Structure formats: C-alpha cells, structure tokens
>>> print(open('run.csv').read())   # CSV, C-alpha atoms and all ligand atoms
chain,number,residue,atom,x,y,z
L,1,MET,CA,107.6,87.5,85.2
L,2,ARG,CA,109.0,90.4,87.2
L,3,ILE,CA,106.5,93.0,88.4
L,4,PRO,CA,107.9,96.0,90.4
L,5,PHE,CA,105.7,97.6,93.1
L,6,VAL,CA,105.8,100.9,91.1
L,7,ASP,CA,107.4,101.8,87.9
L,8,LEU,CA,107.8,105.6,87.5
L,9,LYS,CA,110.1,105.2,84.5
L,10,LEU,CA,107.2,103.8,82.4
L,11,GLN,CA,105.1,106.9,83.2
L,12,TYR,CA,108.1,109.2,82.4
L,13,GLN,CA,108.6,107.5,79.1
L,14,SER,CA,105.0,108.0,78.1
L,15,ILE,CA,105.2,111.8,78.5
L,16,LYS,CA,109.0,112.3,78.1
L,17,SER,CA,109.0,115.1,75.5
L,18,GLU,CA,106.5,117.2,77.5
L,19,ILE,CA,108.3,116.7,80.7
L,20,ASP,CA,111.8,117.3,79.2
L,21,SER,CA,110.7,120.6,77.6
L,22,ALA,CA,108.9,121.7,80.8
L,23,ILE,CA,112.0,121.2,82.9
L,24,ALA,CA,114.2,122.8,80.2
L,25,SER,CA,112.1,126.0,80.3
L,26,VAL,CA,112.4,126.2,84.1
L,27,ILE,CA,116.2,125.9,83.7
L,28,SER,CA,116.4,128.4,80.9
L,29,ASP,CA,114.3,130.9,82.9
L,30,THR,CA,116.3,130.0,86.1
L,31,ALA,CA,113.0,129.9,87.8
L,32,PHE,CA,114.2,127.5,90.5
L,33,ILE,CA,112.7,128.7,93.7
L,34,GLY,CA,109.0,129.0,94.5
L,35,GLY,CA,107.4,132.3,95.3
L,36,SER,CA,104.8,134.7,93.8
L,37,SER,CA,107.1,135.8,91.0
L,38,ASN,CA,107.7,132.3,89.7
L,39,LYS,CA,105.3,131.7,86.8
L,40,TYR,CA,105.6,127.9,87.0
L,41,ILE,CA,104.5,128.0,90.6
L,42,THR,CA,101.6,130.4,90.0
L,43,ARG,CA,100.5,128.4,87.0
L,44,PHE,CA,100.4,125.1,88.8
L,45,GLU,CA,98.6,126.7,91.8
L,46,LYS,CA,95.9,128.0,89.4
L,47,ASP,CA,95.7,124.8,87.5
L,48,PHE,CA,95.2,122.7,90.7
L,49,ALA,CA,92.8,125.2,92.2
L,50,SER,CA,90.6,125.0,89.2
L,51,PHE,CA,90.9,121.2,89.0
L,52,LEU,CA,89.7,120.9,92.6
L,53,ASN,CA,87.3,123.9,92.3
L,54,VAL,CA,88.7,125.7,95.3
L,55,THR,CA,89.7,129.4,95.5
L,56,HIS,CA,93.2,128.9,96.9
L,57,VAL,CA,96.0,126.5,96.4
L,58,ILE,CA,99.3,127.3,98.2
L,59,SER,CA,102.3,125.2,97.1
L,60,CYS,CA,104.9,124.1,99.7
L,61,ALA,CA,107.8,121.8,100.0
L,62,ASN,CA,106.1,118.5,100.9
L,63,GLY,CA,102.8,117.1,102.2
L,64,THR,CA,104.0,116.8,105.8
L,65,ASP,CA,104.7,120.5,105.8
L,66,SER,CA,101.3,121.3,104.4
L,67,ILE,CA,99.6,119.7,107.4
L,68,GLU,CA,102.0,121.4,109.9
L,69,ILE,CA,101.6,124.8,108.2
L,70,LEU,CA,97.8,124.4,108.3
L,71,LEU,CA,97.8,123.5,112.0
L,72,GLU,CA,100.0,126.6,112.7
L,73,ALA,CA,97.6,128.8,110.6
L,74,TYR,CA,94.7,127.6,112.7
L,75,HIS,CA,96.7,128.4,115.9
L,76,ILE,CA,96.8,124.8,117.1
L,77,ARG,CA,99.4,124.4,119.8
L,78,THR,CA,100.4,123.0,123.1
L,79,GLY,CA,97.4,121.9,125.2
L,80,ASP,CA,95.3,121.2,122.1
L,81,GLU,CA,94.2,117.8,120.9
L,82,VAL,CA,93.8,116.8,117.3
L,83,ILE,CA,91.9,113.7,116.2
L,84,VAL,CA,93.7,111.4,113.7
L,85,PRO,CA,93.1,107.9,112.4
L,86,ALA,CA,95.1,105.1,114.0
L,87,LEU,CA,96.2,103.9,110.6
L,88,SER,CA,98.1,106.3,108.4
L,89,TRP,CA,101.5,107.4,107.3
L,90,ILE,CA,103.2,109.1,110.3
L,91,SER,CA,103.0,112.6,108.7
L,92,THR,CA,99.4,112.9,109.9
L,93,SER,CA,100.2,112.6,113.6
L,94,GLU,CA,103.7,113.9,113.3
L,95,ALA,CA,102.6,117.3,112.2
L,96,VAL,CA,100.3,117.5,115.2
L,97,GLY,CA,103.1,116.7,117.6
L,98,ARG,CA,105.5,119.2,115.8
L,99,VAL,CA,103.2,122.1,116.6
L,100,GLY,CA,103.1,120.9,120.3
L,101,ALA,CA,99.6,119.5,120.2
L,102,LYS,CA,98.6,115.9,121.1
L,103,PRO,CA,97.4,113.5,118.4
L,104,VAL,CA,94.4,111.5,119.6
L,105,PHE,CA,94.0,108.3,117.7
L,106,VAL,CA,90.7,106.8,116.5
L,107,ASP,CA,90.5,103.2,115.4
L,108,VAL,CA,89.7,102.2,111.9
L,109,CYS,CA,86.8,100.3,110.3
L,110,LYS,CA,87.5,96.6,109.7
L,111,ASP,CA,86.1,96.6,106.1
L,112,THR,CA,87.7,99.7,104.6
L,113,LEU,CA,90.6,100.4,107.1
L,114,LEU,CA,89.5,104.1,107.0
L,115,MET,CA,89.0,106.0,110.3
L,116,ASP,CA,85.9,104.7,112.1
L,117,ILE,CA,83.5,107.7,112.0
L,118,ASN,CA,81.4,106.2,114.7
L,119,LYS,CA,84.3,106.3,117.1
L,120,ILE,CA,85.2,110.0,116.6
L,121,GLU,CA,82.7,111.5,119.0
L,122,GLU,CA,84.0,109.5,122.0
L,123,ALA,CA,87.5,110.8,121.3
L,124,ILE,CA,86.4,114.5,121.5
L,125,THR,CA,87.3,116.3,124.8
L,126,PRO,CA,87.2,120.0,125.7
L,127,ALA,CA,90.8,120.3,124.4
L,128,THR,CA,89.9,118.9,120.9
L,129,LYS,CA,90.5,121.6,118.2
L,130,ALA,CA,90.6,119.7,115.0
L,131,ILE,CA,90.1,116.5,113.1
L,132,ILE,CA,92.5,115.3,110.3
L,133,PRO,CA,90.6,112.7,108.3
L,134,VAL,CA,92.8,110.7,106.0
L,135,HIS,CA,91.5,109.3,102.7
L,136,LEU,CA,93.6,106.3,103.1
L,137,TYR,CA,94.8,104.3,100.0
L,138,GLY,CA,92.8,106.7,97.8
L,139,ASN,CA,89.4,105.7,99.3
L,140,ALA,CA,87.1,108.6,100.3
L,141,LEU,CA,85.7,108.9,103.8
L,142,ASP,CA,82.1,110.0,104.4
L,143,MET,CA,83.0,113.7,104.7
L,144,GLU,CA,79.4,114.7,105.0
L,145,ALA,CA,79.1,112.8,108.3
L,146,ILE,CA,82.5,114.2,109.5
L,147,MET,CA,81.6,117.8,108.7
L,148,LYS,CA,78.3,117.4,110.6
L,149,LEU,CA,80.1,116.1,113.7
L,150,ALA,CA,82.8,118.9,113.4
L,151,GLY,CA,80.0,121.5,113.1
L,152,LYS,CA,78.4,120.2,116.3
L,153,TYR,CA,81.7,120.6,118.3
L,154,LYS,CA,83.1,123.5,116.3
L,155,LEU,CA,86.1,121.7,115.2
L,156,ILE,CA,88.5,122.5,112.3
L,157,VAL,CA,88.7,119.8,109.6
L,158,ILE,CA,91.9,119.4,107.7
L,159,GLU,CA,91.6,116.6,105.0
L,160,ASP,CA,94.8,114.6,104.4
L,161,CYS,CA,94.5,114.0,100.7
L,162,ALA,CA,98.1,112.8,100.2
L,163,GLN,CA,96.8,109.5,98.8
L,164,ALA,CA,93.6,110.7,97.3
L,165,HIS,CA,94.0,113.1,94.4
L,166,GLN,CA,90.6,113.1,92.6
L,167,ALA,CA,88.9,110.7,95.0
L,168,ALA,CA,85.3,111.8,95.7
L,169,TYR,CA,82.4,111.3,98.0
L,170,ASN,CA,78.9,111.6,96.5
L,171,GLY,CA,80.5,113.2,93.4
L,172,LYS,CA,82.3,115.9,95.4
L,173,MET,CA,86.1,115.8,95.3
L,174,THR,CA,88.0,115.0,98.5
L,175,GLY,CA,89.9,118.1,99.7
L,176,THR,CA,86.9,120.3,99.1
L,177,PHE,CA,84.7,119.3,102.1
L,178,GLY,CA,86.9,120.4,105.1
L,179,HIS,CA,88.1,123.8,106.1
L,180,ALA,CA,91.3,123.1,104.3
L,181,ALA,CA,93.1,120.1,102.7
L,182,SER,CA,96.7,119.0,102.5
L,183,PHE,CA,98.2,117.2,99.4
L,184,SER,CA,101.5,115.5,98.9
L,185,PHE,CA,103.2,115.3,95.5
L,186,TYR,CA,105.8,112.7,96.6
L,187,PRO,CA,106.9,111.0,93.4
L,188,GLY,CA,104.9,107.8,94.0
L,189,LYS,CA,101.6,109.4,94.8
L,190,ASN,CA,98.8,109.5,92.2
L,191,LEU,CA,100.0,112.9,91.2
L,192,GLY,CA,103.7,113.1,91.9
L,193,ALA,CA,106.5,115.6,91.3
L,194,TYR,CA,110.2,114.7,90.6
L,195,GLY,CA,111.1,115.2,94.2
L,196,ASP,CA,109.4,116.3,97.4
L,197,ALA,CA,106.4,118.7,96.9
L,198,GLY,CA,103.0,119.4,98.5
L,199,CYS,CA,100.3,121.9,98.7
L,200,ILE,CA,97.4,123.3,100.7
L,201,ALA,CA,93.9,123.8,99.3
L,202,THR,CA,91.3,126.0,101.0
L,203,ASN,CA,88.4,128.4,100.2
L,204,SER,CA,89.4,130.6,103.1
L,205,GLU,CA,91.2,133.8,102.0
L,206,GLU,CA,92.5,134.4,105.5
L,207,ILE,CA,94.0,130.9,106.0
L,208,ALA,CA,95.4,131.0,102.4
L,209,VAL,CA,97.3,134.2,103.2
L,210,THR,CA,98.6,133.0,106.5
L,211,CYS,CA,99.8,129.7,105.0
L,212,ARG,CA,101.5,131.5,102.2
L,213,MET,CA,103.3,133.6,104.7
L,214,ILE,CA,104.3,130.7,106.9
L,215,ALA,CA,105.7,128.8,104.0
L,216,ASN,CA,107.8,131.7,102.8
L,217,HIS,CA,109.6,133.2,105.8
L,218,GLY,CA,106.6,135.2,106.9
L,219,GLN,CA,106.6,137.4,103.8
L,220,LEU,CA,104.2,138.0,101.0
L,221,GLU,CA,106.5,140.5,99.4
L,222,LYS,CA,110.2,140.3,99.4
L,223,HIS,CA,111.8,141.6,102.6
L,224,ASN,CA,108.5,142.5,104.2
L,225,HIS,CA,108.5,139.9,107.0
L,226,VAL,CA,105.4,140.4,109.0
L,227,MET,CA,105.9,137.3,111.1
L,228,GLU,CA,108.4,134.4,111.6
L,229,GLY,CA,107.7,131.7,109.0
L,230,ARG,CA,109.9,129.0,107.6
L,231,ASN,CA,111.3,127.9,104.3
L,232,SER,CA,108.8,125.5,102.7
L,233,ARG,CA,108.6,126.5,99.1
L,234,MET,CA,107.9,124.2,96.1
L,235,ASP,CA,110.7,124.2,93.5
L,236,GLY,CA,109.9,125.5,90.0
L,237,ILE,CA,110.9,122.2,88.4
L,238,HIS,CA,108.3,120.4,90.4
L,239,ALA,CA,105.6,122.9,89.6
L,240,ALA,CA,106.3,122.6,85.9
L,241,VAL,CA,106.3,118.7,86.1
L,242,LEU,CA,103.0,118.8,88.0
L,243,SER,CA,101.3,121.1,85.5
L,244,VAL,CA,102.2,118.6,82.8
L,245,LYS,CA,101.1,115.6,84.8
L,246,LEU,CA,97.9,117.1,86.1
L,247,ASN,CA,96.5,116.8,82.5
L,248,TYR,CA,96.9,113.0,82.8
L,249,LEU,CA,95.6,112.5,86.3
L,250,ASP,CA,92.1,111.5,85.2
L,251,GLU,CA,93.4,109.0,82.7
L,252,TRP,CA,95.9,107.5,85.1
L,253,ASN,CA,93.3,107.3,87.9
L,254,ASN,CA,90.8,105.6,85.5
L,255,LYS,CA,93.5,103.0,84.7
L,256,ARG,CA,94.1,102.4,88.4
L,257,ILE,CA,90.4,101.9,88.9
L,258,LYS,CA,90.2,99.6,85.9
L,259,ASN,CA,93.2,97.6,87.1
L,260,SER,CA,91.7,97.3,90.6
L,261,GLU,CA,88.4,96.0,89.2
L,262,LEU,CA,90.2,93.4,87.2
L,263,LEU,CA,92.4,92.3,90.2
L,264,SER,CA,89.3,92.1,92.4
L,265,LYS,CA,87.5,90.0,89.8
L,266,LEU,CA,90.4,87.6,89.4
L,267,ILE,CA,91.5,87.2,93.0
L,268,ASP,CA,89.8,84.3,94.9
L,269,ALA,CA,87.7,86.3,97.4
L,270,ASP,CA,87.3,83.2,99.6
L,271,LYS,CA,91.0,83.3,100.3
L,272,TYR,CA,91.7,87.0,100.6
L,273,SER,CA,89.8,90.0,101.8
L,274,ILE,CA,90.0,92.4,98.9
L,275,PRO,CA,89.4,96.2,99.0
L,276,VAL,CA,85.9,97.3,99.9
L,277,VAL,CA,84.5,100.3,98.0
L,278,ASN,CA,81.6,102.1,99.4
L,279,GLN,CA,78.9,102.9,96.8
L,280,SER,CA,79.1,106.7,97.5
L,281,ALA,CA,82.9,106.8,97.2
L,282,LYS,CA,85.2,107.2,94.3
L,283,HIS,CA,88.3,105.2,95.3
L,284,VAL,CA,91.4,106.2,93.2
L,285,PHE,CA,93.5,103.2,94.3
L,286,HIS,CA,96.7,104.9,95.3
L,287,LEU,CA,97.2,101.5,96.9
L,288,TYR,CA,95.4,98.1,96.4
L,289,VAL,CA,95.6,96.4,99.8
L,290,ILE,CA,94.5,92.8,100.4
L,291,ARG,CA,94.5,91.0,103.7
L,292,HIS,CA,95.6,87.4,104.6
L,293,ALA,CA,96.3,85.8,107.9
L,294,LYS,CA,99.7,84.4,106.6
L,295,ARG,CA,100.8,87.8,105.2
L,296,ASP,CA,104.5,87.4,105.7
L,297,ALA,CA,104.6,84.0,104.0
L,298,LEU,CA,102.5,85.4,101.2
L,299,LYS,CA,104.8,88.3,100.7
L,300,LYS,CA,107.8,85.9,100.5
L,301,PHE,CA,105.9,83.6,98.1
L,302,LEU,CA,105.0,86.5,95.8
L,303,PHE,CA,108.6,87.8,95.9
L,304,GLU,CA,109.9,84.5,94.8
L,305,LYS,CA,107.4,84.7,91.9
L,306,GLY,CA,108.9,88.0,90.9
L,307,ILE,CA,106.1,90.2,92.4
L,308,GLU,CA,107.2,93.1,94.5
L,309,THR,CA,104.7,94.0,97.3
L,310,ALA,CA,104.8,96.5,100.2
L,311,ILE,CA,103.1,96.9,103.6
L,312,HIS,CA,101.1,100.1,104.4
L,313,TYR,CA,101.7,100.0,107.3
L,314,PRO,CA,103.6,97.4,109.3
L,315,ASN,CA,102.5,99.2,112.6
L,316,ALA,CA,99.5,101.3,113.3
L,317,LEU,CA,100.5,104.8,114.5
L,318,PRO,CA,99.7,104.3,118.2
L,319,PHE,CA,102.1,101.4,118.3
L,320,LEU,CA,105.1,103.2,116.8
L,321,LYS,CA,108.1,103.8,119.1
L,322,ALA,CA,107.4,107.5,118.7
L,323,TYR,CA,104.2,107.1,120.7
L,324,SER,CA,105.3,104.5,123.2
L,325,GLY,CA,105.0,107.2,125.9
L,326,PHE,CA,101.2,107.1,125.5
L,327,GLY,CA,101.3,103.5,126.7
L,328,TYR,CA,98.7,102.1,124.4
L,329,SER,CA,98.0,98.4,124.3
L,330,PRO,CA,96.6,96.4,121.4
L,331,SER,CA,93.2,96.6,123.0
L,332,SER,CA,93.2,100.4,122.7
L,333,PHE,CA,93.0,100.1,118.9
L,334,PRO,CA,92.0,96.5,118.3
L,335,VAL,CA,91.1,96.7,114.6
L,336,ALA,CA,94.2,98.7,113.6
L,337,PHE,CA,96.4,96.4,115.7
L,338,SER,CA,95.1,93.1,114.2
L,339,GLU,CA,94.7,94.3,110.6
L,340,THR,CA,98.2,95.6,110.3
L,341,GLN,CA,99.5,92.0,110.7
L,342,LYS,CA,97.5,90.9,107.7
L,343,LEU,CA,97.7,93.7,105.1
L,344,LEU,CA,99.7,93.6,101.9
L,345,SER,CA,99.8,96.2,99.1
L,346,LEU,CA,100.0,94.7,95.6
L,347,PRO,CA,101.5,96.4,92.6
L,348,LEU,CA,98.8,98.7,91.2
L,349,PHE,CA,100.0,101.4,88.8
L,350,PRO,CA,98.3,102.7,85.7
L,351,GLU,CA,100.7,101.1,83.3
L,352,LEU,CA,100.2,97.5,84.5
L,353,SER,CA,99.3,95.2,81.6
L,354,HIS,CA,96.4,92.7,81.6
L,355,GLU,CA,98.9,89.9,81.5
L,356,GLN,CA,100.7,91.2,84.6
L,357,ILE,CA,97.4,91.6,86.5
L,358,GLN,CA,96.5,88.0,85.5
L,359,TYR,CA,99.9,86.8,86.7
L,360,ILE,CA,99.5,88.6,90.1
L,361,ALA,CA,96.0,87.1,90.6
L,362,ASP,CA,97.1,83.6,89.4
L,363,SER,CA,100.0,83.7,91.8
L,364,LEU,CA,97.8,84.7,94.7
L,365,ASN,CA,95.3,82.0,93.9
L,366,GLU,CA,98.1,79.5,93.8
L,367,PHE,CA,99.4,80.4,97.3
L,368,ASN,CA,98.7,77.5,99.6
L,369,PRO,CA,100.5,77.8,102.9
V,401,LIG,C1,102.6,110.7,101.7
V,401,LIG,C2,101.8,111.1,102.8
V,401,LIG,C3,101.9,112.3,103.6
V,401,LIG,C4,103.0,113.2,103.5
V,401,LIG,O1,103.6,113.5,102.3
V,401,LIG,P1,105.1,113.9,102.1
V,401,LIG,O2,105.0,114.7,100.8
V,401,LIG,O3,105.9,112.7,101.9
V,401,LIG,O4,105.6,114.7,103.2
V,401,LIG,C5,100.9,112.6,104.5
V,401,LIG,N1,99.9,111.8,104.8
V,401,LIG,C6,99.8,110.6,104.1
V,401,LIG,C7,98.6,109.8,104.4
V,401,LIG,C8,100.7,110.2,103.1
V,401,LIG,O5,100.5,109.1,102.5
>>> encode(input="run.csv", output="structure tokens")
Amino acid sequence: MRIPFVDLKLQYQSIKSEIDSAIASVISDTAFIGGSSNKYITRFEKDFASFLNVTHVISCANGTDSIEILLEAYHIRTGDEVIVPALSWISTSEAVGRVGAKPVFVDVCKDTLLMDINKIEEAITPATKAIIPVHLYGNALDMEAIMKLAGKYKLIVIEDCAQAHQAAYNGKMTGTFGHAASFSFYPGKNLGAYGDAGCIATNSEEIAVTCRMIANHGQLEKHNHVMEGRNSRMDGIHAAVLSVKLNYLDEWNNKRIKNSELLSKLIDADKYSIPVVNQSAKHVFHLYVIRHAKRDALKKFLFEKGIETAIHYPNALPFLKAYSGFGYSPSSFPVAFSETQKLLSLPLFPELSHEQIQYIADSLNEFNP
C-alpha cells in the first residue's frame, strides 16, 4: 500500500466544483491583487474574523510576513529581545531577526514538545519586549498562563497559529488570547490556500490599521502613502479559495482528530511515544508526531512499506547554522536537542481511510530493529 505524507489532490477533488467556480469568478472579475477594493479579500477577512471571533483580520502574503509585520507594528527592533520556542519552523525566529531584534529561545516540554512555560520567566531580561508562543503541531499551549506572565512583565504576546487553525485552550480558540496572532495558509496547513498566503488577527484597531498599512506600501487609500511599507498582499485567488475551504475546516479538523485517535489506539504505546494531549487543549493535529530512538531506521522501514513520513524538525532552531553565532551547545536546550533525533511525523490528513491507518499502525508495530 502506498500512503503519501499529504494528499492535497484528494481534498481538491472533494470540493472541485466550488473551488473551480470561485477561481473562475476571481479571473472574470480580474480581482487578482489584494487590497481594500478586492471583494474576495474583504469577504475572506470578514469570514475569518467571525470564525475566530476577533474584530480584525488583515490578509497578507504569507505566514512569515504576518509575524514580521506584527513585530514592526509593535515597534520591536534592534536591541530588543523576543522569546520564542526552541522547536518550531524557522519563521518564528527568522521574523524576529529580520526586524533586527534577538530571538531568545526557550526549551520545550518533553511530553508535548510545546514551549516549556515554566522556563519562560528565566529567559526574560530588561530587553525582552515580546513572546511568540507557537501552537506546535496543532496542539494548544496554556495561553492563560502565558498571558498572566506577559501581564506581569508587560510583554506583547503574538501567537503563532500557523499550525493551529481552530485549536483551542479551555474552549477558547488559539489566536484569540494574545495581543495579536499570526496565521499561515501555506497549502499543506489545516486551512491552506493554493499558494502562499497568511493573515494577522487582532482585537486592536490601532495594530490592525498599522499592519494593513505596512502590508500595502504604507497606504490605506491608493497613493496616500503615510509611511514606508512593503508589498505583502494576499492574492484574490487565494482569498476566494480560502472562503470556500473555511466552510470545511471544522469537518476536516474533526477527521484529523478522529484519525489521530485511531492511530493512537492502534500503535503499540510500549514501543513508541505517541502524541500527548492535555485535557484542556483541543489539538487539531496539523501533524501527528511519534518518537522512537531508532528514528532513521524506522523512517527507512516505513518508506520501504510505501509509507511516506517527514521530520518536524530535524534540528531545533538554536542548532541551525543560522544561529551558530550564538554558540549554543546541546546542554543549552537539552530537551529540544535530544527529542529532535527521535521525532517522526506520520501521514495524518482528513481523507486517510481506516484501512490506511490500520496499515500505518501495523507497519509500526512490526518494526523490530
Ligand atoms: C508554516 C509556518 C509559518 C510560516 O508560514 P508561511 O506561510 O510558510 O510563511 C510560521 N510558523 C510556523 C510554526 C509554521 O509552521
């Protein structure tokens, strides 16, 4: 049996007529470029704001930009420090570096691989301006604890929700706890466009207006450039696709959750550590990550069985070449360092069949290095 890591074609086929007609309308309206006069953009921004129950959604070109634009809007710059988890996709720390500030890494928890909230306080210095919690793999961090700590030190909190559309903590959706949130709509994310796209969500009118200006050449109206900005607009086609797909997000996330429950039930838990879900968290399983000491041999074994897997991520952020200048050693972030040698992401998309899940679990249970 061949099981790909993701299969976006299956998803497209299930909603093909709606998607095709949404894209065709954008083309017939020549509504290609984002901006306040593009009805596809304004519609998606409204749809997603009401989905999240926030007052402002500002579309932009990708998730990485949404973090960088937010940092700029909060005037975070050279000399400032921003706390980020040691385990994430590089965008989280990269955006901090791009505005001239310093990313300060915090190790992750061994059970969930999420940022260790108990280690945030010791990373705070007089230069700390913000925290970027990442709801890694679709699992929600305890945002109540993070907001309490941020309040104590007057820090800005920007939630990185790139992997966590519709995740929740104590029934409240991720992206609605912090001062602002960043979302990616990269095609493979739980809510994905047909190319790069992202957005910012916030309840702050002031931050919303500033972000909207930064993302569109410093203008709110055409040719009235009140500041220097950049070009980070969402394309009309992506907004139209996202408006269609948003209606299915709940169904798709429920399928991801169901598939993860089945996998967790079938996989031999004595052989593998399987994802841990905190009682208070709604984990939307962007990724289903297991751990095994012989990870590389396991990956090869599964590949030979026809099962495609991936590694998120082979190196924790502090150990990337990009950060070699900081001179970290494995003992600086021991959990992130050791767990990245063991982790493996299994296929987990909504359209997986029961038979495929059974085959993945059987193959894992058969692995005997
Ligand atoms: C995907 C991702 C991003 C960035 O998204 P892009 O749209 O690819 O720029 C940021 N943070 C995390 C944790 C991600 O997984």
>>> closest_residue(input="run.csv", among="L:Gly325, L:Gly34, L:Gly306, L:Pro187", to="ligand LIG 401 (chain V)", atoms="only C-alpha atoms and all ligand atoms")
L:Pro187
>>> residues_near_point(input="run.csv", point="(98.1, 94.2, 110.2)", cutoff="9 Å", atoms="all atoms listed in the file", output="list of chain:residue names")
L:Arg291, L:Ala293, L:Arg295, L:Ile311, L:His312, L:Tyr313, L:Pro314, L:Asn315, L:Ala316, L:Val335, L:Ala336, L:Phe337, L:Ser338, L:Glu339, L:Thr340, L:Gln341, L:Lys342, L:Leu343, L:Leu344
>>> closest_atom_pairs(input="run.csv", of="chain L", to="ligand LIG 401 (chain V)", cutoff="8 Å", atoms="all atoms listed in the file", output="JSON lines")
{"residue": "L:Ala61", "atom": "CA", "partner": "V:LIG401", "partner_atom": "O2", "distance": 7.7}
{"residue": "L:Asn62", "atom": "CA", "partner": "V:LIG401", "partner_atom": "O2", "distance": 4.0}
{"residue": "L:Gly63", "atom": "CA", "partner": "V:LIG401", "partner_atom": "O2", "distance": 3.5}
{"residue": "L:Thr64", "atom": "CA", "partner": "V:LIG401", "partner_atom": "O4", "distance": 3.7}
{"residue": "L:Asp65", "atom": "CA", "partner": "V:LIG401", "partner_atom": "O4", "distance": 6.4}
{"residue": "L:Ser66", "atom": "CA", "partner": "V:LIG401", "partner_atom": "O4", "distance": 8.0}
{"residue": "L:Ile67", "atom": "CA", "partner": "V:LIG401", "partner_atom": "C5", "distance": 7.8}
{"residue": "L:Ser88", "atom": "CA", "partner": "V:LIG401", "partner_atom": "C7", "distance": 5.3}
{"residue": "L:Trp89", "atom": "CA", "partner": "V:LIG401", "partner_atom": "C7", "distance": 4.8}
{"residue": "L:Ile90", "atom": "CA", "partner": "V:LIG401", "partner_atom": "N1", "distance": 7.0}
{"residue": "L:Ser91", "atom": "CA", "partner": "V:LIG401", "partner_atom": "C5", "distance": 4.7}
{"residue": "L:Thr92", "atom": "CA", "partner": "V:LIG401", "partner_atom": "N1", "distance": 5.2}
{"residue": "L:Val134", "atom": "CA", "partner": "V:LIG401", "partner_atom": "C7", "distance": 6.1}
{"residue": "L:His135", "atom": "CA", "partner": "V:LIG401", "partner_atom": "C7", "distance": 7.3}
{"residue": "L:Leu136", "atom": "CA", "partner": "V:LIG401", "partner_atom": "C7", "distance": 6.2}
{"residue": "L:Tyr137", "atom": "CA", "partner": "V:LIG401", "partner_atom": "O5", "distance": 7.9}
{"residue": "L:Asp160", "atom": "CA", "partner": "V:LIG401", "partner_atom": "N1", "distance": 5.8}
{"residue": "L:Cys161", "atom": "CA", "partner": "V:LIG401", "partner_atom": "C7", "distance": 6.9}
{"residue": "L:Ala162", "atom": "CA", "partner": "V:LIG401", "partner_atom": "C8", "distance": 4.7}
{"residue": "L:Gln163", "atom": "CA", "partner": "V:LIG401", "partner_atom": "O5", "distance": 5.2}
{"residue": "L:Ser182", "atom": "CA", "partner": "V:LIG401", "partner_atom": "C5", "distance": 7.9}
{"residue": "L:Phe183", "atom": "CA", "partner": "V:LIG401", "partner_atom": "O1", "distance": 7.2}
{"residue": "L:Ser184", "atom": "CA", "partner": "V:LIG401", "partner_atom": "O2", "distance": 4.1}
{"residue": "L:Phe185", "atom": "CA", "partner": "V:LIG401", "partner_atom": "O2", "distance": 5.6}
{"residue": "L:Tyr186", "atom": "CA", "partner": "V:LIG401", "partner_atom": "O2", "distance": 4.7}
{"residue": "L:Lys189", "atom": "CA", "partner": "V:LIG401", "partner_atom": "C1", "distance": 7.1}
{"residue": "L:Asp196", "atom": "CA", "partner": "V:LIG401", "partner_atom": "O2", "distance": 5.8}
{"residue": "L:Ala197", "atom": "CA", "partner": "V:LIG401", "partner_atom": "O2", "distance": 5.8}
{"residue": "L:Gly198", "atom": "CA", "partner": "V:LIG401", "partner_atom": "O2", "distance": 5.6}
>>> residues_around(input="run.csv", residues="Phe177 (chain L)", least_positions_apart="5", cutoff="8 Å", atoms="only C-alpha atoms", output="PyMOL selection string")
chain L and resi 143-144+147+159+172
>>> residues_around(input="run.csv", residues="Phe5 (chain L)", least_positions_apart="3", cutoff="6 Å", atoms="all atoms listed in the file", output="JSON, numbers by chain")
{"L": [308, 309, 347]}
>>> atom_distance(input="run.csv", atom1="CA of Met234 (chain L)", atom2="CA of His283 (chain L)")
27.3 Å
>>> closest_atom_pairs(input="run.csv", of="region 92-197 of chain L", to="region 349-352 of chain L", cutoff="12 Å", atoms="only C-alpha atoms", output="tab-separated table")
residue	atom	partner	partner_atom	distance
L:Gly188	CA	L:Phe349	CA	9.6
L:Lys189	CA	L:Phe349	CA	10.1
L:Asn190	CA	L:Phe349	CA	8.9
L:Leu191	CA	L:Pro350	CA	11.7
>>> residues_around(input="run.csv", residues="Tyr153 (chain L)", least_positions_apart="3", cutoff="12 Å", atoms="all atoms listed in the file", output="ChimeraX atom specification")
/L:120-131,146-150,156-157
>>> residues_around(input="run.csv", residues="Ile69 (chain L)", least_positions_apart="4", cutoff="8 Å", atoms="only C-alpha atoms", output="list in words")
Asp65, Ala73, Cys211, Ile214 and Ala215 of chain L
